[in-house]
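Visitor: Take a look at data.cif, mmCIF, C-alpha atoms:
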```cif
data_entry
loop_
_atom_site.group_PDB
_atom_site.id
_atom_site.type_symbol
_atom_site.label_atom_id
_atom_site.label_comp_id
_atom_site.auth_asym_id
_atom_site.auth_seq_id
_atom_site.Cartn_x
_atom_site.Cartn_y
_atom_site.Cartn_z
ATOM 1 C CA MET W 21 -41.650 -156.721 -38.686
ATOM 2 C CA TRP W 22 -42.339 -153.006 -38.799
ATOM 3 C CA SER W 23 -43.128 -151.487 -42.165
ATOM 4 C CA PRO W 24 -43.202 -147.741 -42.819
ATOM 5 C CA ALA W 25 -45.549 -148.225 -45.770
ATOM 6 C CA GLU W 26 -47.951 -150.216 -43.598
ATOM 7 C CA LEU W 27 -47.922 -147.469 -40.966
ATOM 8 C CA ALA W 28 -48.763 -144.818 -43.568
ATOM 9 C CA ASP W 29 -51.444 -147.105 -44.965
ATOM 10 C CA ARG W 30 -53.026 -147.546 -41.517
ATOM 11 C CA LEU W 31 -53.110 -143.759 -41.227
ATOM 12 C CA GLY W 32 -55.132 -143.405 -44.383
ATOM 13 C CA GLY W 33 -52.077 -142.949 -46.591
ATOM 14 C CA ASP W 34 -50.788 -139.929 -44.675
ATOM 15 C CA ALA W 35 -47.013 -140.403 -45.065
ATOM 16 C CA ASP W 36 -46.249 -137.055 -43.423
ATOM 17 C CA LEU W 37 -48.158 -138.038 -40.306
ATOM 18 C CA ALA W 38 -46.422 -141.430 -40.273
ATOM 19 C CA ARG W 39 -43.058 -139.657 -40.369
ATOM 20 C CA GLU W 40 -44.074 -137.324 -37.551
ATOM 21 C CA LEU W 41 -45.138 -140.262 -35.361
ATOM 22 C CA VAL W 42 -41.809 -141.990 -35.976
ATOM 23 C CA ASP W 43 -39.957 -138.802 -35.031
ATOM 24 C CA ILE W 44 -41.904 -138.484 -31.775
ATOM 25 C CA PHE W 45 -41.357 -142.143 -30.915
ATOM 26 C CA LEU W 46 -37.606 -141.948 -31.521
ATOM 27 C CA VAL W 47 -37.399 -139.064 -29.054
ATOM 28 C CA GLU W 48 -39.741 -140.594 -26.459
ATOM 29 C CA TYR W 49 -38.896 -144.292 -26.310
ATOM 30 C CA PRO W 50 -35.496 -143.975 -24.507
ATOM 31 C CA VAL W 51 -37.294 -142.179 -21.653
ATOM 32 C CA LEU W 52 -39.878 -144.957 -21.423
ATOM 33 C CA VAL W 53 -37.214 -147.693 -21.495
ATOM 34 C CA GLN W 54 -35.247 -145.868 -18.814
ATOM 35 C CA ALA W 55 -38.388 -145.714 -16.642
ATOM 36 C CA ILE W 56 -38.607 -149.517 -16.797
ATOM 37 C CA ARG W 57 -34.911 -149.881 -15.946
ATOM 38 C CA THR W 58 -35.269 -147.542 -12.970
ATOM 39 C CA ALA W 59 -38.345 -149.389 -11.707
ATOM 40 C CA VAL W 60 -36.508 -152.725 -12.058
ATOM 41 C CA ASP W 61 -33.492 -151.361 -10.189
ATOM 42 C CA HIS W 62 -35.814 -150.391 -7.328
ATOM 43 C CA GLY W 63 -37.694 -153.691 -7.437
ATOM 44 C CA ASP W 64 -40.858 -151.605 -7.626
ATOM 45 C CA ALA W 65 -43.457 -153.945 -9.149
ATOM 46 C CA PRO W 66 -46.286 -151.357 -9.597
ATOM 47 C CA ALA W 67 -43.833 -148.940 -11.243
ATOM 48 C CA ILE W 68 -42.586 -151.752 -13.522
ATOM 49 C CA ARG W 69 -46.178 -152.461 -14.549
ATOM 50 C CA ARG W 70 -46.920 -148.777 -15.213
ATOM 51 C CA ALA W 71 -43.697 -148.149 -17.151
ATOM 52 C CA ALA W 72 -44.064 -151.319 -19.249
ATOM 53 C CA HIS W 73 -47.680 -150.430 -19.975
ATOM 54 C CA ALA W 74 -46.686 -146.947 -21.135
ATOM 55 C CA LEU W 75 -43.983 -148.333 -23.418
ATOM 56 C CA ARG W 76 -46.324 -151.015 -24.779
ATOM 57 C CA GLY W 77 -48.873 -148.306 -25.577
ATOM 58 C CA ALA W 78 -46.265 -146.334 -27.505
ATOM 59 C CA ILE W 79 -45.038 -149.401 -29.432
ATOM 60 C CA THR W 80 -48.550 -150.562 -30.394
ATOM 61 C CA ASN W 81 -48.844 -147.432 -32.500
ATOM 62 C CA PHE W 82 -46.334 -149.113 -34.818
ATOM 63 C CA ILE W 83 -46.208 -152.859 -34.303
ATOM 64 C CA ASP W 84 -48.452 -155.523 -32.746
ATOM 65 C CA ASP W 85 -45.915 -158.237 -31.967
ATOM 66 C CA GLY W 86 -42.229 -158.522 -30.938
ATOM 67 C CA PRO W 87 -41.504 -155.754 -28.419
ATOM 68 C CA THR W 88 -45.223 -155.252 -27.818
ATOM 69 C CA GLU W 89 -45.510 -158.810 -26.525
ATOM 70 C CA THR W 90 -42.331 -158.530 -24.455
ATOM 71 C CA ALA W 91 -43.549 -155.277 -22.877
ATOM 72 C CA LEU W 92 -46.834 -157.039 -22.059
ATOM 73 C CA ALA W 93 -44.931 -159.883 -20.391
ATOM 74 C CA ILE W 94 -43.043 -157.338 -18.239
ATOM 75 C CA GLU W 95 -46.287 -155.553 -17.454
ATOM 76 C CA ARG W 96 -47.898 -158.802 -16.291
ATOM 77 C CA ALA W 97 -44.849 -159.700 -14.222
ATOM 78 C CA GLY W 98 -45.124 -156.322 -12.507
ATOM 79 C CA GLU W 99 -48.835 -156.810 -11.964
ATOM 80 C CA SER W 100 -48.313 -160.181 -10.293
ATOM 81 C CA SER W 101 -45.135 -159.018 -8.503
ATOM 82 C CA ARG W 102 -43.225 -161.999 -9.963
ATOM 83 C CA LEU W 103 -40.053 -160.177 -10.932
ATOM 84 C CA ASP W 104 -37.574 -163.066 -11.341
ATOM 85 C CA ASP W 105 -37.779 -163.078 -15.151
ATOM 86 C CA VAL W 106 -38.062 -159.312 -15.523
ATOM 87 C CA PRO W 107 -34.346 -158.459 -15.982
ATOM 88 C CA ALA W 108 -34.062 -160.967 -18.847
ATOM 89 C CA LEU W 109 -37.293 -159.689 -20.376
ATOM 90 C CA VAL W 110 -36.037 -156.108 -20.177
ATOM 91 C CA ARG W 111 -32.826 -157.107 -21.974
ATOM 92 C CA GLN W 112 -34.913 -158.816 -24.658
ATOM 93 C CA LEU W 113 -37.154 -155.747 -24.929
ATOM 94 C CA GLU W 114 -34.162 -153.425 -25.276
ATOM 95 C CA GLY W 115 -32.861 -155.534 -28.160
ATOM 96 C CA GLU W 116 -36.250 -155.560 -29.897
ATOM 97 C CA ILE W 117 -36.742 -151.830 -29.395
ATOM 98 C CA HIS W 118 -33.242 -151.189 -30.672
ATOM 99 C CA SER W 119 -34.065 -153.113 -33.859
ATOM 100 C CA LEU W 120 -37.373 -151.293 -34.271
ATOM 101 C CA ALA W 121 -35.763 -147.899 -33.724
ATOM 102 C CA GLY W 122 -33.011 -148.814 -36.180
ATOM 103 C CA ALA W 123 -35.583 -149.752 -38.810
ATOM 104 C CA MET W 124 -37.401 -146.479 -38.175
ATOM 105 C CA GLN W 125 -34.220 -144.455 -38.374
ATOM 106 C CA GLY W 126 -33.272 -146.245 -41.603
ATOM 107 C CA ALA W 127 -36.677 -145.539 -43.134
ATOM 108 C CA ARG W 128 -36.491 -141.922 -42.081
ATOM 109 C CA ASP W 129 -33.032 -141.509 -43.559
ATOM 110 C CA ALA W 130 -34.134 -143.231 -46.771
ATOM 111 C CA GLY W 131 -37.009 -140.791 -47.379
ATOM 112 C CA PRO W 132 -40.785 -140.642 -47.048
ATOM 113 C CA CYS W 133 -42.337 -143.348 -44.828
ATOM 114 C CA ALA W 134 -44.725 -144.341 -47.577
ATOM 115 C CA SER W 135 -41.920 -145.201 -49.991
ATOM 116 C CA MET I 7 -67.796 -130.939 -33.300
ATOM 117 C CA ARG I 8 -65.056 -130.539 -30.701
ATOM 118 C CA VAL I 9 -63.460 -133.634 -29.178
ATOM 119 C CA LEU I 10 -61.417 -133.872 -26.000
ATOM 120 C CA ILE I 11 -58.329 -136.068 -26.413
ATOM 121 C CA ALA I 12 -56.823 -137.195 -23.104
ATOM 122 C CA ASP I 13 -53.773 -139.423 -23.469
ATOM 123 C CA ASP I 14 -50.298 -139.426 -21.944
ATOM 124 C CA ASP I 15 -48.751 -141.132 -24.992
ATOM 125 C CA PRO I 16 -47.332 -138.316 -27.171
ATOM 126 C CA VAL I 17 -47.307 -140.503 -30.292
ATOM 127 C CA LEU I 18 -50.962 -141.450 -30.016
ATOM 128 C CA ARG I 19 -51.926 -137.948 -28.949
ATOM 129 C CA HIS I 20 -50.355 -136.508 -32.083
ATOM 130 C CA ALA I 21 -51.923 -139.191 -34.275
ATOM 131 C CA LEU I 22 -55.362 -138.652 -32.742
ATOM 132 C CA LYS I 23 -55.197 -134.906 -33.205
ATOM 133 C CA ALA I 24 -54.134 -135.239 -36.849
ATOM 134 C CA GLN I 25 -56.687 -137.937 -37.699
ATOM 135 C CA LEU I 26 -59.539 -136.087 -36.012
ATOM 136 C CA ALA I 27 -58.654 -132.962 -37.976
ATOM 137 C CA ALA I 28 -58.682 -135.033 -41.184
ATOM 138 C CA TRP I 29 -62.162 -136.262 -40.210
ATOM 139 C CA GLN I 30 -63.388 -132.679 -39.706
ATOM 140 C CA TYR I 31 -63.354 -132.687 -35.898
ATOM 141 C CA SER I 32 -61.633 -129.993 -33.917
ATOM 142 C CA SER I 33 -59.853 -131.191 -30.797
ATOM 143 C CA VAL I 34 -58.728 -130.082 -27.381
ATOM 144 C CA VAL I 35 -55.707 -132.032 -26.166
ATOM 145 C CA ALA I 36 -54.858 -132.985 -22.579
ATOM 146 C CA THR I 37 -51.746 -134.925 -21.594
ATOM 147 C CA ASN I 38 -53.247 -136.393 -18.410
ATOM 148 C CA GLY I 39 -56.491 -136.786 -16.509
ATOM 149 C CA LYS I 40 -56.036 -133.705 -14.350
ATOM 150 C CA GLN I 41 -55.503 -131.489 -17.380
ATOM 151 C CA ALA I 42 -58.531 -133.052 -19.064
ATOM 152 C CA TRP I 43 -60.658 -132.295 -16.002
ATOM 153 C CA GLN I 44 -59.464 -128.674 -16.077
ATOM 154 C CA VAL I 45 -60.479 -128.395 -19.744
ATOM 155 C CA LEU I 46 -63.960 -129.570 -18.816
ATOM 156 C CA GLN I 47 -64.355 -126.833 -16.198
ATOM 157 C CA HIS I 48 -64.384 -124.131 -18.879
ATOM 158 C CA ALA I 49 -67.589 -122.822 -20.422
ATOM 159 C CA ASP I 50 -68.839 -124.795 -23.428
ATOM 160 C CA PRO I 51 -66.741 -127.957 -22.886
ATOM 161 C CA PRO I 52 -66.330 -130.552 -25.687
ATOM 162 C CA LEU I 53 -69.231 -133.034 -25.727
ATOM 163 C CA LEU I 54 -67.232 -135.901 -27.204
ATOM 164 C CA ALA I 55 -64.091 -137.356 -25.622
ATOM 165 C CA VAL I 56 -61.468 -139.997 -26.373
ATOM 166 C CA VAL I 57 -59.912 -140.848 -23.033
ATOM 167 C CA ASP I 58 -56.990 -143.173 -22.312
ATOM 168 C CA TRP I 59 -57.478 -145.449 -19.307
ATOM 169 C CA ASN I 60 -53.931 -145.447 -17.973
ATOM 170 C CA MET I 61 -52.785 -141.922 -17.275
ATOM 171 C CA PRO I 62 -50.816 -140.496 -14.384
ATOM 172 C CA GLY I 63 -52.839 -138.740 -11.702
ATOM 173 C CA ILE I 64 -56.526 -139.002 -12.574
ATOM 174 C CA ASP I 65 -56.822 -142.054 -14.832
ATOM 175 C CA GLY I 66 -59.444 -142.483 -17.549
ATOM 176 C CA VAL I 67 -61.817 -144.505 -15.394
ATOM 177 C CA ASP I 68 -61.772 -141.928 -12.596
ATOM 178 C CA LEU I 69 -62.234 -139.177 -15.175
ATOM 179 C CA CYS I 70 -65.325 -140.956 -16.565
ATOM 180 C CA ARG I 71 -66.731 -141.287 -13.036
ATOM 181 C CA ASP I 72 -66.086 -137.613 -12.278
ATOM 182 C CA ILE I 73 -67.742 -136.574 -15.540
ATOM 183 C CA ARG I 74 -70.819 -138.712 -14.891
ATOM 184 C CA ALA I 75 -71.114 -137.255 -11.382
ATOM 185 C CA THR I 76 -71.219 -133.729 -12.831
ATOM 186 C CA PRO I 77 -74.692 -132.747 -14.105
ATOM 187 C CA ALA I 78 -73.293 -130.077 -16.449
ATOM 188 C CA LEU I 79 -71.231 -132.777 -18.235
ATOM 189 C CA ALA I 80 -73.868 -135.504 -18.199
ATOM 190 C CA ALA I 81 -74.467 -135.290 -21.957
ATOM 191 C CA MET I 82 -70.824 -136.034 -22.835
ATOM 192 C CA TYR I 83 -70.124 -139.098 -24.985
ATOM 193 C CA LEU I 84 -67.035 -140.869 -23.664
ATOM 194 C CA ILE I 85 -64.876 -143.330 -25.579
ATOM 195 C CA LEU I 86 -62.393 -145.106 -23.323
ATOM 196 C CA LEU I 87 -59.184 -146.125 -25.064
ATOM 197 C CA THR I 88 -57.042 -148.777 -23.441
ATOM 198 C CA GLY I 89 -54.537 -151.555 -23.770
ATOM 199 C CA ASN I 90 -56.510 -153.559 -21.157
ATOM 200 C CA GLN I 91 -58.305 -156.268 -23.091
ATOM 201 C CA ASP I 92 -59.648 -158.467 -20.272
ATOM 202 C CA HIS I 93 -63.409 -158.887 -20.174
ATOM 203 C CA LYS I 94 -63.518 -157.627 -16.603
ATOM 204 C CA ASP I 95 -61.647 -154.471 -17.658
ATOM 205 C CA VAL I 96 -64.151 -153.821 -20.439
ATOM 206 C CA VAL I 97 -67.000 -154.156 -17.926
ATOM 207 C CA ALA I 98 -65.233 -151.956 -15.361
ATOM 208 C CA GLY I 99 -64.547 -149.323 -18.018
ATOM 209 C CA LEU I 100 -68.143 -149.196 -19.176
ATOM 210 C CA GLU I 101 -69.446 -149.211 -15.595
ATOM 211 C CA SER I 102 -67.281 -146.186 -14.827
ATOM 212 C CA GLY I 103 -69.494 -144.223 -17.195
ATOM 213 C CA ALA I 104 -67.804 -144.673 -20.575
ATOM 214 C CA ASP I 105 -70.210 -144.996 -23.509
ATOM 215 C CA ASP I 106 -67.785 -146.989 -25.618
ATOM 216 C CA TYR I 107 -64.533 -148.903 -25.192
ATOM 217 C CA ILE I 108 -61.748 -149.438 -27.728
ATOM 218 C CA THR I 109 -58.739 -151.642 -27.097
ATOM 219 C CA LYS I 110 -55.265 -150.940 -28.466
ATOM 220 C CA PRO I 111 -54.088 -151.677 -31.035
ATOM 221 C CA PHE I 112 -57.141 -150.383 -32.838
ATOM 222 C CA SER I 113 -58.035 -149.667 -36.425
ATOM 223 C CA TRP I 114 -58.415 -145.998 -37.308
ATOM 224 C CA ASP I 115 -61.464 -146.840 -39.395
ATOM 225 C CA GLU I 116 -63.083 -148.352 -36.313
ATOM 226 C CA LEU I 117 -62.334 -145.291 -34.209
ATOM 227 C CA ARG I 118 -63.738 -143.062 -36.946
ATOM 228 C CA ALA I 119 -66.950 -145.119 -37.067
ATOM 229 C CA ARG I 120 -67.305 -145.035 -33.293
ATOM 230 C CA LEU I 121 -66.732 -141.292 -33.225
ATOM 231 C CA ARG I 122 -69.475 -140.937 -35.814
ATOM 232 C CA ILE I 123 -71.827 -142.861 -33.505
ATOM 233 C CA GLY I 124 -70.850 -140.619 -30.589
ATOM 234 C CA SER I 125 -71.295 -137.523 -32.698
ATOM 235 C CA ARG I 126 -74.754 -138.671 -33.797
ATOM 236 C CA ILE I 127 -75.826 -139.405 -30.213
ATOM 237 C CA VAL I 128 -74.533 -136.031 -28.995
ATOM 238 C CA GLY I 129 -76.416 -134.374 -31.866
ATOM 239 C CA LEU I 130 -79.619 -136.216 -30.949
ATOM 240 C CA GLN I 131 -79.210 -135.270 -27.285
ATOM 241 C CA GLN I 132 -78.699 -131.633 -28.246
ATOM 242 C CA ALA I 133 -81.805 -131.690 -30.470
ATOM 243 C CA LEU I 134 -83.788 -133.341 -27.677
ATOM 244 C CA ALA I 135 -82.593 -130.800 -25.114
ATOM 245 C CA ALA I 136 -83.528 -127.950 -27.474
ATOM 246 C CA ARG I 137 -86.988 -129.478 -27.957
ATOM 247 C CA VAL I 138 -87.464 -129.853 -24.183
ATOM 248 C CA ASP I 139 -86.489 -126.188 -23.763
ATOM 249 C CA GLU I 140 -89.005 -125.190 -26.409
ATOM 250 C CA LEU I 141 -91.746 -127.230 -24.745
ATOM 251 C CA GLN I 142 -90.927 -125.830 -21.309
ATOM 252 C CA GLN I 143 -91.081 -122.350 -22.770
ATOM 253 C CA ALA I 144 -94.420 -123.116 -24.404
ATOM 254 C CA LEU I 145 -95.754 -124.645 -21.196
ATOM 255 C CA ALA I 146 -94.803 -121.512 -19.263
ATOM 256 C CA ASN I 147 -96.828 -119.476 -21.726
ATOM 257 C CA VAL I 148 -99.929 -121.668 -21.550
ATOM 258 C CA LYS I 149 -102.611 -120.181 -19.332
ATOM 259 C CA ARG I 150 -103.226 -122.679 -16.592
ATOM 260 C CA LEU I 151 -106.585 -123.338 -14.953
ATOM 261 C CA SER I 152 -106.335 -125.523 -11.901
ATOM 262 C CA GLY I 153 -106.789 -125.584 -8.154
ATOM 263 C CA LEU I 154 -109.701 -124.471 -5.961
ATOM 264 C CA LEU I 155 -111.762 -121.600 -7.409
ATOM 265 C CA PRO I 156 -113.960 -119.530 -5.066
ATOM 266 C CA ILE I 157 -117.309 -119.154 -6.823
ATOM 267 C CA CYS I 158 -120.413 -117.321 -5.645
ATOM 268 C CA ALA I 159 -123.176 -119.824 -4.917
ATOM 269 C CA TYR I 160 -125.805 -117.444 -6.280
ATOM 270 C CA CYS I 161 -124.466 -115.330 -9.166
ATOM 271 C CA LYS I 162 -121.659 -117.807 -10.096
ATOM 272 C CA ARG I 163 -119.009 -115.094 -10.279
ATOM 273 C CA ILE I 164 -115.450 -116.276 -9.554
ATOM 274 C CA ARG I 165 -113.094 -114.417 -7.240
ATOM 275 C CA ASN I 166 -109.723 -113.791 -8.866
ATOM 276 C CA ASN I 167 -106.330 -113.301 -7.195
ATOM 277 C CA GLN I 168 -106.960 -109.573 -6.887
ATOM 278 C CA ASP I 169 -110.066 -110.293 -4.799
ATOM 279 C CA TYR I 170 -112.312 -109.185 -7.636
ATOM 280 C CA TRP I 171 -115.457 -111.141 -8.491
ATOM 281 C CA MET I 172 -115.538 -111.810 -12.227
ATOM 282 C CA GLN I 173 -118.108 -113.184 -14.576
ATOM 283 C CA VAL I 174 -117.362 -116.866 -15.029
ATOM 284 C CA GLU I 175 -116.895 -116.605 -18.802
ATOM 285 C CA ARG I 176 -114.482 -113.705 -18.459
ATOM 286 C CA TYR I 177 -112.506 -115.550 -15.823
ATOM 287 C CA LEU I 178 -112.260 -118.674 -17.953
ATOM 288 C CA ALA I 179 -111.280 -116.643 -21.017
ATOM 289 C CA GLU I 180 -108.450 -115.023 -19.089
ATOM 290 C CA HIS I 181 -107.197 -118.239 -17.509
ATOM 291 C CA SER I 182 -107.564 -120.746 -20.320
ATOM 292 C CA GLU I 183 -107.502 -121.050 -24.059
ATOM 293 C CA ALA I 184 -111.334 -121.379 -24.080
ATOM 294 C CA GLU I 185 -113.458 -118.918 -26.021
ATOM 295 C CA PHE I 186 -117.180 -118.375 -25.629
ATOM 296 C CA SER I 187 -120.023 -118.197 -28.083
ATOM 297 C CA HIS I 188 -123.124 -116.854 -26.364
ATOM 298 C CA GLY I 189 -126.522 -118.488 -26.829
ATOM 299 C CA ILE I 190 -129.580 -119.463 -24.703
ATOM 300 C CA CYS I 191 -130.209 -122.989 -23.516
ATOM 301 C CA PRO I 192 -133.754 -124.417 -23.799
ATOM 302 C CA GLU I 193 -134.301 -124.235 -20.023
ATOM 303 C CA CYS I 194 -133.409 -120.533 -19.860
ATOM 304 C CA LEU I 195 -135.403 -119.882 -22.974
ATOM 305 C CA ARG I 196 -138.417 -121.261 -21.170
ATOM 306 C CA THR I 197 -137.885 -119.794 -17.692
ATOM 307 C CA GLN I 198 -136.223 -116.476 -18.500
ATOM 308 C CA LEU I 199 -137.956 -115.534 -21.720
ATOM 309 C CA SER I 200 -141.272 -117.383 -21.126
ATOM 310 C CA PHE I 201 -140.829 -119.118 -24.465
ATOM 311 C CA ASP I 202 -142.075 -122.689 -24.601
ATOM 312 C CA HIS I 203 -141.623 -124.969 -27.650
ATOM 313 C CA SER I 204 -144.285 -127.428 -26.473
#
```
What does the file become when written as structure tokens?
Guide:
Amino acid sequence: MWSPAELADRLGGDADLARELVDIFLVEYPVLVQAIRTAVDHGDAPAIRRAAHALRGAITNFIDDGPTETALAIERAGESSRLDDVPALVRQLEGEIHSLAGAMQGARDAGPCAS
Amino acid sequence: MRVLIADDDPVLRHALKAQLAAWQYSSVVATNGKQAWQVLQHADPPLLAVVDWNMPGIDGVDLCRDIRATPALAAMYLILLTGNQDHKDVVAGLESGADDYITKPFSWDELRARLRIGSRIVGLQQALAARVDELQQALANVKRLSGLLPICAYCKRIRNNQDYWMQVERYLAEHSEAEFSHGICPECLRTQLSFDHS
């Protein structure tokens, strides 16, 4: 589970920086999710791998499990060109990302990330 | 010390720039490998770099290879940052020319410590290069005495580069650090001055 206080703590207690990173992620993640969807629609395994890797990289700035693991599973599916499970994984990832983004938005609305 | 940050992830890029500033590094930021390569073409490029492996265009591994193939950038200390954790990826990353390899997710304390190592190595390399320059300069100033010297078989004068026959002690004084103290050897004392100790 993502924790704003933990993020600020990992950044040496810099709550302002934590808030800035959350703001950037909330703007960027829909683009990264859309890139995965587009790659899946085209059945383009290398593009699925690249897009999932990019999203995983962005998520690992905040959380090590949940959507990070799902993005890794999609990335590996793209790498091995075994795409049967990918649509279900993408749906799972979207749900997890939605929860993460909601938690971030809630923390942002509530005040400083360190609180 | 200036650090090149090359990463296509805007979140991590922003975090890296802020953390490096907090650790007293200045940074130059590139959003992909091609932009990073362009930064390195300018005079006085950063000597320390944190480079993401997976970037569009020129990726981090190719960037490391290009840097290592460029003599002017040979002293750069490269930290490769990646989500690839397989052993074979670590080996491939280091063989591409990276000096260090950090897998995501990483601890900021660890990155700070590794940057300190890189900074120390760059500092040592700079000190070594300055010392080599000094020594080369000193060597250029040392009078060298070597090669085949034409010497008169009778009077022992040496012919210099201007085709002038010089006294051997003058020639040696001009072409080496040797100095002379004149005296008379026992043999010359006997034959030249008819002085015999016996």
Visitor: Since I can't run it myself right now, could you work out what the PyMOL selection byres ((chain W and resi 93) around 12) selects here and report it as number ranges by chain?
Guide: W: 68-69, 72-73, 75-76, 85-92, 94-103, 105-110, 112-113
Visitor: Interatomic distance between CA of Thr88 in chain I and CA of Val45 in chain I?
Guide: 21.0 Å
Visitor: Give me, as a list in words, the contact residues of chain W against chain I at a cut-off of 8 Å, counting all atoms listed in the file.
Guide: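 Therefore, the residues near the partner are Arg30, Leu31, Leu37, Leu41, Ile44, Phe45, Glu48, His73, Ala74, Gly77, Ala78, Thr80, Asn81 and Asp84 of chain W.
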Visitor: Taking C-alpha atoms for each residue, export the selection above as a compact mmCIF listing (two decimals), in the coordinates of the input.
Guide:
```txt
# COMPACT_ATOMS: atom_id res chain seq x y z
CA ARG W 30 -53.03 -147.55 -41.52
CA LEU W 31 -53.11 -143.76 -41.23
CA LEU W 37 -48.16 -138.04 -40.31
CA LEU W 41 -45.14 -140.26 -35.36
CA ILE W 44 -41.90 -138.48 -31.78
CA PHE W 45 -41.36 -142.14 -30.92
CA GLU W 48 -39.74 -140.59 -26.46
CA HIS W 73 -47.68 -150.43 -19.98
CA ALA W 74 -46.69 -146.95 -21.14
CA GLY W 77 -48.87 -148.31 -25.58
CA ALA W 78 -46.26 -146.33 -27.50
CA THR W 80 -48.55 -150.56 -30.39
CA ASN W 81 -48.84 -147.43 -32.50
CA ASP W 84 -48.45 -155.52 -32.75
```
Visitor: Please determine, counting all atoms listed in the file, which residue among W:Ala67, W:Val51, W:Leu46, W:Ala25 has the shortest atom-to-atom distance to His118 in chain W.
Guide: W:Leu46
Visitor: Please determine, counting all atoms listed in the file, which residue among W:Asp34, W:Gly131, W:Met124, W:Glu114 has the shortest atom-to-atom distance to Pro50 in chain W.
Guide: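 Closest to Pro50 in chain W of all the choices is W:Glu114.
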Visitor: With the PyMOL selection byres ((chain I and resi 71-81) around 7) as the selection, what would be picked from this file? Answer as a PyMOL selection string, please.
Guide: chain I and resi 53+67-70+82-83+102-103
Visitor: The selected residues should be written to file as a compact mmCIF listing (two decimals), in the coordinates of the input (atoms: C-alpha atoms).
Guide:
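Output below, filename result.txt:
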```txt
# COMPACT_ATOMS: atom_id res chain seq x y z
CA LEU I 53 -69.23 -133.03 -25.73
CA VAL I 67 -61.82 -144.50 -15.39
CA ASP I 68 -61.77 -141.93 -12.60
CA LEU I 69 -62.23 -139.18 -15.18
CA CYS I 70 -65.32 -140.96 -16.57
CA MET I 82 -70.82 -136.03 -22.84
CA TYR I 83 -70.12 -139.10 -24.98
CA SER I 102 -67.28 -146.19 -14.83
CA GLY I 103 -69.49 -144.22 -17.20
```
Visitor: Rounded to one decimal, what separation in Å do you get between CA of Ala49 in chain I and CA of Glu140 in chain I?
Guide: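 CA of Ala49 in chain I sits 22.4 Å away from CA of Glu140 in chain I.
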Visitor: So what do you get for CA of Gly39 in chain I versus CA of Asp58 in chain I, distance-wise?
Guide: 8.6 Å
Visitor: May I have the residues at most 12 Å from (-57.7, -128.9, -21.9) in the file's coordinates, counting all atoms listed in the file, as a list in words?
Guide: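 Result, sorted by chain then residue number: Arg8, Val9, Leu10, Ile11, Ala12, Asp13, Ser33, Val34, Val35, Ala36, Thr37, Asn38, Gly39, Lys40, Gln41, Ala42, Trp43, Gln44, Val45, Leu46, Gln47, His48, Ala49, Asp50, Pro51, Pro52 and Ala55 of chain I.
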Visitor: Can you tell me which residues surround Pro24 in chain W at a distance of at most 12 Å, considering all atoms listed in the file, apart from same-chain residues fewer than 2 positions away, and format the answer as a ChimeraX atom specification?
Guide: /W:21-22,26-31,33-42,81-83,120-121,123-135
Visitor: Run the PyMOL selection byres ((chain I and resi 108) around 8) against the file shown and list the residues it catches, as a ChimeraX atom specification.
Guide: /I:85-88,106-107,109-110,112,117
